[in-house]
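Text of the file protein_1.cif, holding mmCIF, C-alpha atoms and all ligand atoms:
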```
data_model
loop_
_atom_site.label_atom_id
_atom_site.label_comp_id
_atom_site.auth_asym_id
_atom_site.auth_seq_id
_atom_site.Cartn_x
_atom_site.Cartn_y
_atom_site.Cartn_z
CA MET A 27 -121.80 -80.81 -44.53
CA ILE A 28 -123.40 -79.64 -41.32
CA ASP A 29 -126.93 -78.36 -41.83
CA THR A 30 -126.94 -74.97 -40.11
CA ASP A 31 -130.73 -74.58 -40.48
CA LYS A 32 -131.16 -77.74 -38.45
CA TYR A 33 -129.11 -76.29 -35.59
CA ILE A 34 -130.88 -72.92 -35.66
CA GLN A 35 -134.19 -74.78 -35.51
CA GLN A 36 -132.98 -76.98 -32.66
CA LEU A 37 -131.71 -74.00 -30.68
CA ALA A 38 -135.23 -72.55 -30.90
CA SER A 39 -137.02 -75.77 -29.92
CA PRO A 40 -139.62 -75.20 -27.16
CA ARG A 41 -138.84 -78.59 -25.57
CA LEU A 42 -135.11 -78.10 -25.22
CA PRO A 43 -135.23 -75.37 -22.53
CA LEU A 44 -137.53 -77.68 -20.53
CA ALA A 45 -135.10 -80.58 -20.91
CA ILE A 46 -132.16 -78.38 -19.92
CA SER A 47 -134.02 -77.06 -16.89
CA ILE A 48 -134.88 -80.62 -15.84
CA GLN A 49 -131.30 -81.76 -16.40
CA THR A 50 -129.93 -78.90 -14.29
CA LYS A 51 -132.24 -79.97 -11.46
CA LEU A 52 -131.34 -83.64 -11.89
CA ILE A 53 -127.63 -82.81 -11.59
CA THR A 54 -128.32 -80.75 -8.47
CA LEU A 55 -130.39 -83.54 -6.87
CA ILE A 56 -127.71 -86.14 -7.65
CA ARG A 57 -124.91 -83.96 -6.32
CA GLU A 58 -126.83 -83.14 -3.12
CA PHE A 59 -127.59 -86.78 -2.43
CA LEU A 60 -124.03 -87.97 -3.04
CA VAL A 61 -122.33 -85.19 -1.08
CA GLU A 62 -124.74 -85.85 1.82
CA SER A 63 -123.79 -89.53 1.58
CA GLY A 64 -120.09 -88.72 2.04
CA PHE A 65 -118.94 -88.75 -1.60
CA GLN A 66 -116.37 -86.42 -3.08
CA GLU A 67 -116.52 -85.11 -6.62
CA LEU A 68 -113.67 -85.70 -9.05
CA LEU A 69 -113.05 -83.64 -12.14
CA PRO A 70 -113.27 -85.62 -15.37
CA VAL A 71 -110.34 -87.14 -17.23
CA ILE A 72 -110.77 -86.56 -20.97
CA ILE A 73 -107.54 -88.04 -22.36
CA SER A 74 -105.22 -90.67 -20.89
CA PRO A 75 -102.89 -93.46 -22.07
CA ILE A 76 -105.53 -95.91 -20.77
CA THR A 77 -109.29 -96.12 -21.01
CA ASP A 78 -112.05 -98.70 -20.83
CA PRO A 79 -111.46 -101.28 -23.62
CA LEU A 80 -115.17 -101.64 -24.58
CA THR A 81 -114.12 -103.91 -27.37
CA ASP A 82 -117.37 -103.75 -29.31
CA TYR A 83 -116.45 -100.29 -30.61
CA ARG A 84 -114.39 -100.66 -33.74
CA VAL A 85 -112.88 -97.21 -33.76
CA ARG A 86 -110.62 -95.94 -30.99
CA GLY A 87 -110.72 -92.25 -30.21
CA GLU A 88 -107.09 -91.21 -30.11
CA VAL A 89 -105.17 -87.95 -30.00
CA GLU A 90 -101.46 -87.40 -30.25
CA CYS A 91 -99.83 -84.86 -27.96
CA TYR A 92 -96.06 -84.24 -28.00
CA GLY A 93 -95.52 -87.52 -29.79
CA PHE A 94 -97.45 -89.50 -27.14
CA LYS A 95 -100.72 -91.26 -27.89
CA TYR A 96 -103.69 -90.56 -25.65
CA GLN A 97 -107.03 -92.37 -25.69
CA ILE A 98 -110.21 -90.33 -25.46
CA THR A 99 -112.12 -91.50 -22.40
CA LYS A 100 -114.69 -94.24 -23.05
CA SER A 101 -115.20 -94.55 -19.30
CA MET A 102 -113.16 -93.54 -16.27
CA ILE A 103 -113.26 -97.03 -14.76
CA PHE A 104 -109.49 -97.35 -14.16
CA HIS A 105 -109.14 -93.79 -12.90
CA LYS A 106 -112.00 -94.48 -10.49
CA GLN A 107 -110.18 -97.53 -9.10
CA LEU A 108 -106.94 -95.59 -8.75
CA ALA A 109 -108.62 -92.53 -7.22
CA LEU A 110 -109.85 -94.71 -4.35
CA ARG A 111 -106.27 -94.73 -3.08
CA THR A 112 -106.83 -91.04 -2.32
CA VAL A 113 -110.51 -90.82 -1.23
CA PRO A 114 -112.93 -93.62 -0.28
CA LYS A 115 -116.15 -92.59 -2.09
CA ILE A 116 -116.00 -90.75 -5.36
CA PHE A 117 -118.23 -89.53 -8.15
CA CYS A 118 -117.72 -87.64 -11.35
CA PHE A 119 -119.87 -86.29 -14.18
CA SER A 120 -117.67 -87.85 -16.79
CA PRO A 121 -117.82 -87.08 -20.52
CA ASN A 122 -117.34 -90.24 -22.59
CA VAL A 123 -116.77 -90.71 -26.31
CA ARG A 124 -117.79 -94.08 -27.75
CA ILE A 125 -117.71 -94.36 -31.50
CA GLU A 126 -120.73 -96.61 -31.87
CA THR A 127 -121.55 -98.40 -35.09
CA PRO A 128 -123.92 -96.40 -37.38
CA ASP A 129 -126.67 -99.04 -37.09
CA ARG A 130 -127.38 -97.59 -33.63
CA LYS A 131 -128.25 -94.21 -35.14
CA ASN A 132 -131.99 -94.54 -34.58
CA SER A 133 -131.99 -96.62 -31.40
CA GLY A 134 -133.20 -93.56 -29.48
CA ARG A 135 -130.64 -94.40 -26.78
CA HIS A 136 -127.18 -93.93 -28.29
CA LEU A 137 -125.05 -90.83 -28.66
CA ILE A 138 -121.34 -91.01 -29.46
CA GLU A 139 -120.60 -88.26 -26.93
CA PHE A 140 -122.42 -88.39 -23.60
CA VAL A 141 -121.97 -87.81 -19.89
CA GLN A 142 -122.21 -90.46 -17.23
CA LEU A 143 -122.46 -90.09 -13.51
CA ASP A 144 -119.62 -92.39 -12.56
CA LEU A 145 -119.21 -93.44 -8.94
CA GLU A 146 -117.07 -95.90 -7.01
CA VAL A 147 -116.76 -96.91 -3.36
CA ARG A 148 -113.78 -98.46 -1.61
CA GLN A 149 -114.49 -101.89 -0.01
CA ALA A 150 -118.13 -101.88 -1.19
CA SER A 151 -120.11 -104.96 -2.19
CA ARG A 152 -122.56 -105.16 -5.10
CA GLN A 153 -125.41 -105.32 -2.59
CA GLU A 154 -124.32 -102.03 -1.00
CA ILE A 155 -124.05 -100.34 -4.39
CA ILE A 156 -127.45 -101.68 -5.43
CA GLU A 157 -128.96 -100.19 -2.27
CA LEU A 158 -127.18 -96.90 -2.91
CA GLY A 159 -128.44 -96.88 -6.52
CA GLU A 160 -132.01 -97.52 -5.35
CA LYS A 161 -131.85 -94.66 -2.86
CA LEU A 162 -130.29 -92.33 -5.43
CA PHE A 163 -132.79 -93.21 -8.14
CA SER A 164 -135.87 -92.92 -5.89
CA ARG A 165 -134.63 -89.66 -4.38
CA VAL A 166 -133.92 -88.16 -7.79
CA ILE A 167 -137.24 -89.23 -9.34
CA ASN A 168 -139.30 -88.14 -6.33
CA GLY A 169 -137.28 -84.92 -6.14
CA ILE A 170 -137.65 -84.02 -9.80
CA LYS A 171 -141.41 -84.57 -9.66
CA LYS A 172 -141.57 -81.80 -7.08
CA GLU A 173 -138.83 -79.50 -8.33
CA ALA A 174 -139.73 -79.66 -12.00
CA ALA A 175 -143.51 -80.06 -11.72
CA SER A 176 -144.20 -77.27 -14.22
CA GLU A 177 -141.67 -78.49 -16.83
CA LEU A 178 -143.05 -82.04 -16.56
CA LYS A 179 -146.59 -80.74 -16.95
CA MET A 180 -145.63 -78.85 -20.11
CA LEU A 181 -144.02 -82.03 -21.47
CA LYS A 182 -147.15 -83.99 -20.45
CA ARG A 183 -144.93 -86.44 -18.60
CA LYS A 184 -146.32 -88.37 -15.64
CA LEU A 185 -143.65 -90.14 -13.63
CA PRO A 186 -144.60 -92.98 -11.29
CA SER A 187 -143.22 -93.24 -7.75
CA PHE A 188 -140.77 -96.00 -7.03
CA ARG A 189 -139.91 -97.54 -3.73
CA PRO A 190 -136.92 -99.83 -3.08
CA PRO A 191 -136.13 -102.66 -3.19
CA PHE A 192 -136.43 -102.96 -6.98
CA GLU A 193 -137.12 -106.24 -8.71
CA ARG A 194 -134.04 -108.39 -9.48
CA ILE A 195 -133.63 -110.67 -12.50
CA SER A 196 -130.62 -112.75 -13.42
CA TYR A 197 -129.13 -112.52 -16.89
CA GLN A 198 -130.00 -116.19 -17.40
CA GLN A 199 -133.65 -115.65 -16.42
CA ALA A 200 -133.86 -112.70 -18.82
CA VAL A 201 -132.45 -114.76 -21.70
CA GLU A 202 -134.79 -117.68 -20.94
CA THR A 203 -137.83 -115.37 -20.88
CA TYR A 204 -137.06 -112.91 -23.69
CA GLY A 205 -134.24 -114.44 -25.75
CA GLU A 206 -130.66 -113.21 -26.27
CA ASP A 207 -131.77 -109.73 -27.31
CA PHE A 208 -133.76 -109.13 -24.15
CA GLU A 209 -133.00 -105.57 -23.04
CA MET A 210 -135.81 -103.73 -24.80
CA LYS A 211 -138.39 -106.51 -24.42
CA LEU A 212 -137.72 -106.72 -20.70
CA SER A 213 -137.78 -102.93 -20.33
CA GLU A 214 -141.18 -102.71 -22.06
CA LYS A 215 -142.66 -105.29 -19.67
CA LEU A 216 -141.38 -103.74 -16.44
CA ALA A 217 -143.72 -101.89 -14.09
CA GLY A 218 -140.78 -100.30 -12.25
CA PRO A 219 -137.00 -100.23 -12.58
CA ALA A 220 -135.31 -103.63 -12.23
CA TRP A 221 -131.81 -104.92 -11.63
CA LEU A 222 -130.28 -107.35 -14.04
CA VAL A 223 -127.55 -109.30 -12.26
CA ASP A 224 -124.94 -112.02 -12.85
CA PHE A 225 -123.81 -111.37 -16.42
CA PRO A 226 -121.62 -114.07 -17.98
CA LEU A 227 -117.93 -113.27 -18.22
CA GLU A 228 -117.92 -113.05 -22.00
CA HIS A 229 -120.56 -110.29 -22.05
CA ARG A 230 -118.59 -107.77 -20.02
CA GLU A 231 -115.15 -106.23 -19.81
CA PHE A 232 -112.26 -107.69 -17.83
CA TYR A 233 -112.56 -105.35 -14.84
CA ASP A 234 -115.83 -106.66 -13.32
CA ARG A 235 -115.16 -109.25 -10.64
CA GLN A 236 -115.84 -112.92 -11.21
CA ASP A 237 -118.06 -114.62 -8.61
CA GLU A 238 -115.96 -117.26 -6.84
CA LYS A 239 -119.13 -119.17 -5.96
CA LYS A 240 -120.49 -119.06 -9.51
CA PRO A 241 -117.50 -119.32 -11.86
CA GLY A 242 -118.20 -117.82 -15.27
CA LEU A 243 -120.57 -115.22 -13.79
CA LEU A 244 -119.76 -111.71 -12.64
CA VAL A 245 -120.73 -109.86 -9.47
CA ASP A 246 -122.22 -107.08 -11.54
CA MET A 247 -125.51 -105.41 -12.46
CA ASP A 248 -127.43 -103.16 -14.81
CA LEU A 249 -130.46 -101.10 -13.86
CA ILE A 250 -133.19 -101.25 -16.50
CA TYR A 251 -135.80 -98.53 -16.89
CA PRO A 252 -139.47 -99.43 -17.24
CA GLU A 253 -141.63 -98.25 -20.20
CA GLY A 254 -139.14 -99.45 -22.81
CA PHE A 255 -136.42 -96.90 -22.04
CA GLY A 256 -133.74 -99.62 -21.76
CA GLU A 257 -130.56 -99.55 -19.70
CA ALA A 258 -130.09 -96.84 -17.09
CA LEU A 259 -126.84 -97.80 -15.43
CA SER A 260 -124.17 -100.44 -15.44
CA GLY A 261 -121.68 -101.48 -12.78
CA GLY A 262 -120.38 -104.11 -10.42
CA GLU A 263 -117.67 -105.22 -8.05
CA ARG A 264 -114.19 -104.97 -9.56
CA GLU A 265 -111.24 -107.28 -9.95
CA TYR A 266 -108.51 -105.72 -7.82
CA GLN A 267 -105.91 -108.50 -7.57
CA PRO A 268 -103.24 -108.01 -10.25
CA ASP A 269 -102.88 -111.72 -11.10
CA LYS A 270 -106.63 -112.03 -11.67
CA ILE A 271 -106.74 -108.83 -13.72
CA ARG A 272 -103.89 -110.14 -15.91
CA LYS A 273 -105.71 -113.44 -16.42
CA ARG A 274 -108.96 -111.70 -17.37
CA ILE A 275 -107.17 -109.39 -19.82
CA GLN A 276 -105.54 -112.38 -21.49
CA GLU A 277 -108.81 -114.31 -21.63
CA LYS A 278 -110.24 -111.35 -23.58
CA GLY A 279 -107.42 -111.76 -26.09
CA ILE A 280 -106.05 -108.31 -25.23
CA ASP A 281 -102.28 -107.80 -25.30
CA LEU A 282 -101.10 -107.20 -21.70
CA ARG A 283 -98.88 -104.40 -22.98
CA THR A 284 -101.98 -102.32 -23.79
CA TYR A 285 -102.66 -102.07 -20.06
CA GLU A 286 -99.07 -102.10 -18.84
CA LEU A 287 -99.36 -98.77 -17.06
CA TYR A 288 -102.59 -99.78 -15.30
CA LEU A 289 -101.12 -103.16 -14.35
CA ARG A 290 -97.96 -101.59 -12.94
CA LEU A 291 -100.13 -99.30 -10.82
CA ALA A 292 -102.38 -102.22 -9.82
CA ASP A 293 -99.26 -104.08 -8.68
CA ARG A 294 -98.80 -101.31 -6.11
CA GLY A 295 -102.26 -102.09 -4.69
CA LEU A 296 -105.87 -101.47 -5.62
CA TYR A 297 -108.68 -101.48 -3.09
CA PRO A 298 -111.57 -103.88 -3.56
CA SER A 299 -114.42 -101.69 -4.77
CA ALA A 300 -117.77 -101.49 -6.51
CA GLY A 301 -119.55 -98.76 -8.40
CA PHE A 302 -121.50 -97.87 -11.49
CA GLY A 303 -121.91 -95.49 -14.41
CA PHE A 304 -125.32 -93.86 -14.89
CA GLY A 305 -126.01 -92.19 -18.24
CA LEU A 306 -127.11 -88.60 -17.73
CA GLU A 307 -128.75 -87.99 -21.11
CA ARG A 308 -130.58 -91.30 -20.74
CA LEU A 309 -131.86 -90.19 -17.34
CA THR A 310 -133.00 -86.86 -18.81
CA ARG A 311 -134.65 -88.73 -21.68
CA TYR A 312 -136.49 -91.02 -19.26
CA VAL A 313 -137.61 -88.21 -16.97
CA CYS A 314 -138.80 -86.10 -19.93
CA GLY A 315 -140.36 -89.15 -21.61
CA PHE A 316 -138.57 -88.44 -24.92
CA GLU A 317 -138.42 -91.07 -27.61
CA ASP A 318 -135.18 -89.68 -29.02
CA ILE A 319 -132.16 -89.13 -26.77
CA ALA A 320 -131.01 -86.35 -29.11
CA GLU A 321 -133.66 -84.19 -27.45
CA ALA A 322 -131.98 -84.64 -24.09
CA ARG A 323 -128.98 -82.41 -24.80
CA LEU A 324 -127.67 -79.69 -27.05
CA PHE A 325 -125.21 -80.65 -29.79
CA ALA A 326 -126.22 -84.31 -29.63
CA LYS A 327 -124.14 -86.56 -31.88
CA LYS A 328 -125.75 -89.69 -33.20
CA PRO A 329 -123.76 -92.69 -34.43
CA GLY A 330 -122.79 -92.30 -38.07
CA VAL A 331 -123.86 -88.65 -38.30
CA TYR A 332 -121.54 -85.65 -38.53
CA GLY A 333 -122.51 -83.10 -35.89
CA LEU A 334 -121.67 -79.88 -34.13
N1 LIG B 401 -118.76 -96.69 -15.70
C1 LIG B 401 -119.05 -98.09 -15.82
C2 LIG B 401 -118.82 -98.78 -14.53
O1 LIG B 401 -118.54 -98.14 -13.56
C3 LIG B 401 -118.23 -98.71 -16.88
C4 LIG B 401 -118.67 -98.28 -18.24
O2 LIG B 401 -119.17 -97.21 -18.44
N2 LIG B 401 -118.44 -99.11 -19.20
O3 LIG B 401 -118.96 -99.99 -14.46
#
```
Written as C-alpha cells, how would this file's structure read?
Amino acid sequence: MIDTDKYIQQLASPRLPLAISIQTKLITLIREFLVESGFQELLPVIISPITDPLTDYRVRGEVECYGFKYQITKSMIFHKQLALRTVPKIFCFSPNVRIETPDRKNSGRHLIEFVQLDLEVRQASRQEIIELGEKLFSRVINGIKKEAASELKMLKRKLPSFRPPFERISYQQAVETYGEDFEMKLSEKLAGPAWLVDFPLEHREFYDRQDEKKPGLLVDMDLIYPEGFGEALSGGEREYQPDKIRKRIQEKGIDLRTYELYLRLADRGLYPSAGFGFGLERLTRYVCGFEDIAEARLFAKKPGVYGL
C-alpha cells in the first residue's frame, strides 16, 4: 500500500521547493552552456526495442504494444550513437528506469527512476569530453552559487569553487589504494571532483571502446564527487566498428540476436564518438548537500519500495 500521509507530508516539505528551485536553475545553466557550445537538444526516447544492457539489473523493464516488445530505456546510449548521423553534438535530459536490487535502497544515491543529462559528440576523443565535462561542471557549480545564493543559504550549503583540470586516477590506482569497493572511500577523501579512467573491460558494458594500446582497458571515465557523494557521471569513447561491437557483445555472453536491430544499423555506419551521462538528481543532491537522493526530486522511487 502507498502511504498517502507520507506523500502529503513530502509535498509540504520546506526543503523540497528549495531543491526544485535549484534544479530548475541547474537545468537552465546546463542547457545554456551546451547550446552555446554548439549542441542540439534531443527529445527523450522512453521505449524502444533496444536499450543499454546494464547486465547487473536482474529485472528488465518491458512493455508490450501491438504485440511487439519494447524495453523501457535504461540509457539512450545506442540512440545517441545513431542520432550522430543526423547532428554532430547532441544532448538530452533522458529519463531512465533501472530496476536496482533492493539492497541499494538506503545507499542515498540510487533511485529506480531518474533523469540523466546524456550527451554525445561525433569524432570526439575522451580527452575532449573530459575537458568539456570540466568546463560544464565548473560553469554549473560557479553559476548556481550565484543564481541560487539564497536557496543555498537556507539549506546551509557551502559549495567550494573548482577549477579545471581535475585530478585523474586510474581504476587500477583506485583499487590498489582503496580496495575493490573504492567508490565511496575515494569520494570521501577527495578535495575536489576527480576523474576515474581506464576501467577494465569486464567492469563496463560492450559499447565503451577498448584501448588498442592497453588491451583489456577501456577509453572511458567516471567523474567522482568529493565529500563522499560518489559517482557524478559516466562515459567514454565508443566502439563504432560493427565487427568489434559484435565481438564485445559475444564476450559479454549476450546473444547477438538481442542487438540485431542495432547491429544492422551499425553495419550502415556509426561515427566514432564519445560522451557521457550525468545524473541530474545526483547533481541536485550534491549541490543541495542532501544525504538522501529522495530529497532531490518529487515522487522519488527507491529500490525495493513501491512508490507514486
Ligand atoms: N549514458 C551513459 C554513457 O553515455 C551510459 C549509461 O548511462 N550507462 O556512457
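Computed from the coordinates, the CA of Gln36 (chain A) to CA of Leu181 (chain A) distance equals 16.5 Å.
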Do a neighbour search on Arg148 (chain A) at 8 Å with all atoms listed in the file, toss out local chain neighbours closer than 2 positions, and write the hits as a compact mmCIF listing (two decimals) with C-alpha atoms, in the frame of the given file.
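Saved result, result-v7.txt, follows:
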```
# COMPACT_ATOMS: atom_id res chain seq x y z
CA LEU A 110 -109.85 -94.71 -4.35
CA PRO A 114 -112.93 -93.62 -0.28
CA LYS A 115 -116.15 -92.59 -2.09
CA GLU A 146 -117.07 -95.90 -7.01
CA ALA A 150 -118.13 -101.88 -1.19
CA TYR A 297 -108.68 -101.48 -3.09
CA PRO A 298 -111.57 -103.88 -3.56
CA SER A 299 -114.42 -101.69 -4.77
CA ALA A 300 -117.77 -101.49 -6.51
```
Please define a box with edges along x, y and z of the file around all atoms of ligand LIG 401 (chain B) given in the file, extend it by 4 Å on each side, and return its centre and edge lengths in Å to one decimal, as JSON.
```
{"center_x": -118.7, "center_y": -98.3, "center_z": -16.4, "size_x": 8.9, "size_y": 11.3, "size_z": 13.6}
```
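Taking all atoms listed in the file, the non-local environment of Ala220 (chain A) within 7 Å (same-chain residues fewer than 2 positions away omitted) comprises Phe192, Glu193, Arg194, Gly218, Leu222, Leu249, Ile250 and Tyr251 of chain A.
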Show me, as a short mmCIF file (atom, residue, chain, number, x, y, z; two decimals) with C-alpha atoms, in the frame of the given file, the residues that have an atom within 12 Å of Leu259 (chain A) when counting only C-alpha atoms, minus same-chain residues fewer than 3 positions from it.
```cif
data_model
loop_
_atom_site.label_atom_id
_atom_site.label_comp_id
_atom_site.auth_asym_id
_atom_site.auth_seq_id
_atom_site.Cartn_x
_atom_site.Cartn_y
_atom_site.Cartn_z
CA VAL A 141 -121.97 -87.81 -19.89
CA GLN A 142 -122.21 -90.46 -17.23
CA LEU A 143 -122.46 -90.09 -13.51
CA ASP A 144 -119.62 -92.39 -12.56
CA LEU A 145 -119.21 -93.44 -8.94
CA ILE A 155 -124.05 -100.34 -4.39
CA ILE A 156 -127.45 -101.68 -5.43
CA GLY A 159 -128.44 -96.88 -6.52
CA GLU A 160 -132.01 -97.52 -5.35
CA LEU A 162 -130.29 -92.33 -5.43
CA PHE A 163 -132.79 -93.21 -8.14
CA PRO A 219 -137.00 -100.23 -12.58
CA ALA A 220 -135.31 -103.63 -12.23
CA TRP A 221 -131.81 -104.92 -11.63
CA LEU A 222 -130.28 -107.35 -14.04
CA VAL A 223 -127.55 -109.30 -12.26
CA ASP A 246 -122.22 -107.08 -11.54
CA MET A 247 -125.51 -105.41 -12.46
CA ASP A 248 -127.43 -103.16 -14.81
CA LEU A 249 -130.46 -101.10 -13.86
CA ILE A 250 -133.19 -101.25 -16.50
CA TYR A 251 -135.80 -98.53 -16.89
CA PHE A 255 -136.42 -96.90 -22.04
CA GLY A 256 -133.74 -99.62 -21.76
CA GLY A 262 -120.38 -104.11 -10.42
CA GLY A 301 -119.55 -98.76 -8.40
CA PHE A 302 -121.50 -97.87 -11.49
CA GLY A 303 -121.91 -95.49 -14.41
CA PHE A 304 -125.32 -93.86 -14.89
CA GLY A 305 -126.01 -92.19 -18.24
CA LEU A 306 -127.11 -88.60 -17.73
CA GLU A 307 -128.75 -87.99 -21.11
CA ARG A 308 -130.58 -91.30 -20.74
CA LEU A 309 -131.86 -90.19 -17.34
#
```
From the set A:Leu212, A:Ala38, A:Leu44, A:Ala200, which residue has the shortest atom-to-atom contact distance to Ser176 (chain A), counting all atoms listed in the file? A:Leu44
Counting only C-alpha atoms, closest pick from A:Arg152, A:Lys172, A:Arg274, A:Arg183 relative to Val245 (chain A) is A:Arg152
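Relative to CA of Thr310 (chain A), CA of Tyr204 (chain A) is found at 26.8 Å.
Remark: for ligand LIG 401 (chain B), the closest of the candidate residues A:Met102, A:Leu227, A:Ala109, A:Ile34 is A:Met102 (distances computed over only C-alpha atoms and all ligand atoms).
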Could you tell me, as a ChimeraX atom specification, which residues have any atom at most 8 Å from (-107.1, -93.8, -15.7), counting all atoms listed in the file? /A:71,74-77,102-106,108,288
Write the residues of the selection above to a file with C-alpha atoms, as a CSV table (one decimal), in the coordinates of the input.
```csv
chain,number,residue,atom,x,y,z
A,71,VAL,CA,-110.3,-87.1,-17.2
A,74,SER,CA,-105.2,-90.7,-20.9
A,75,PRO,CA,-102.9,-93.5,-22.1
A,76,ILE,CA,-105.5,-95.9,-20.8
A,77,THR,CA,-109.3,-96.1,-21.0
A,102,MET,CA,-113.2,-93.5,-16.3
A,103,ILE,CA,-113.3,-97.0,-14.8
A,104,PHE,CA,-109.5,-97.4,-14.2
A,105,HIS,CA,-109.1,-93.8,-12.9
A,106,LYS,CA,-112.0,-94.5,-10.5
A,108,LEU,CA,-106.9,-95.6,-8.8
A,288,TYR,CA,-102.6,-99.8,-15.3
```
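The nearest approach to Cys118 (chain A) among the residues A:Thr99, A:Ser164, A:Thr81, A:Gln66, with all atoms listed in the file taken into account, belongs to A:Gln66.
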Restore all heavy atoms in region 178-185 of chain A and list the result as a compact mmCIF listing (two decimals), in the frame of the given file.
```txt
# COMPACT_ATOMS: atom_id res chain seq x y z
N LEU A 178 -142.51 -80.71 -16.25
CA LEU A 178 -143.05 -82.04 -16.56
C LEU A 178 -144.49 -81.92 -17.07
O LEU A 178 -144.90 -82.65 -17.96
CB LEU A 178 -142.97 -82.96 -15.33
CG LEU A 178 -141.54 -83.34 -14.92
CD1 LEU A 178 -141.52 -84.01 -13.55
CD2 LEU A 178 -140.90 -84.28 -15.96
N LYS A 179 -145.21 -80.96 -16.50
CA LYS A 179 -146.59 -80.74 -16.95
C LYS A 179 -146.59 -80.27 -18.40
O LYS A 179 -147.37 -80.76 -19.23
CB LYS A 179 -147.25 -79.70 -16.04
CG LYS A 179 -148.75 -79.72 -16.14
CD LYS A 179 -149.38 -78.91 -15.02
CE LYS A 179 -150.81 -78.59 -15.43
NZ LYS A 179 -151.24 -77.31 -14.92
N MET A 180 -145.70 -79.35 -18.73
CA MET A 180 -145.63 -78.85 -20.11
C MET A 180 -145.23 -79.96 -21.08
O MET A 180 -145.64 -79.96 -22.23
CB MET A 180 -144.65 -77.69 -20.21
CG MET A 180 -145.28 -76.39 -19.72
SD MET A 180 -144.27 -74.97 -20.11
CE MET A 180 -143.39 -74.76 -18.60
N LEU A 181 -144.43 -80.90 -20.61
CA LEU A 181 -144.02 -82.03 -21.47
C LEU A 181 -145.06 -83.16 -21.43
O LEU A 181 -144.87 -84.19 -22.09
CB LEU A 181 -142.65 -82.57 -21.02
CG LEU A 181 -141.45 -81.67 -21.28
CD1 LEU A 181 -140.22 -82.19 -20.54
CD2 LEU A 181 -141.13 -81.57 -22.77
N LYS A 182 -146.09 -82.98 -20.64
CA LYS A 182 -147.15 -83.99 -20.45
C LYS A 182 -146.56 -85.33 -19.98
O LYS A 182 -146.96 -86.40 -20.44
CB LYS A 182 -147.95 -84.21 -21.74
CG LYS A 182 -148.66 -82.97 -22.23
CD LYS A 182 -149.62 -83.34 -23.36
CE LYS A 182 -150.52 -82.22 -23.80
NZ LYS A 182 -149.83 -81.05 -24.34
N ARG A 183 -145.60 -85.23 -19.09
CA ARG A 183 -144.93 -86.44 -18.60
C ARG A 183 -145.38 -86.74 -17.18
O ARG A 183 -145.21 -85.90 -16.28
CB ARG A 183 -143.41 -86.23 -18.65
CG ARG A 183 -142.60 -87.35 -18.04
CD ARG A 183 -142.70 -88.62 -18.83
NE ARG A 183 -141.70 -89.60 -18.41
CZ ARG A 183 -141.89 -90.91 -18.50
NH1 ARG A 183 -143.02 -91.40 -18.97
NH2 ARG A 183 -140.93 -91.73 -18.14
N LYS A 184 -145.93 -87.94 -17.00
CA LYS A 184 -146.32 -88.37 -15.64
C LYS A 184 -145.33 -89.44 -15.19
O LYS A 184 -145.25 -90.50 -15.82
CB LYS A 184 -147.73 -88.96 -15.67
CG LYS A 184 -148.80 -87.91 -15.69
CD LYS A 184 -150.06 -88.40 -14.96
CE LYS A 184 -151.07 -87.29 -14.77
NZ LYS A 184 -151.55 -86.74 -16.05
N LEU A 185 -144.61 -89.15 -14.13
CA LEU A 185 -143.65 -90.14 -13.63
C LEU A 185 -144.25 -90.90 -12.46
O LEU A 185 -144.81 -90.28 -11.55
CB LEU A 185 -142.37 -89.43 -13.17
CG LEU A 185 -141.41 -88.95 -14.24
CD1 LEU A 185 -140.38 -88.01 -13.63
CD2 LEU A 185 -140.70 -90.13 -14.91
```
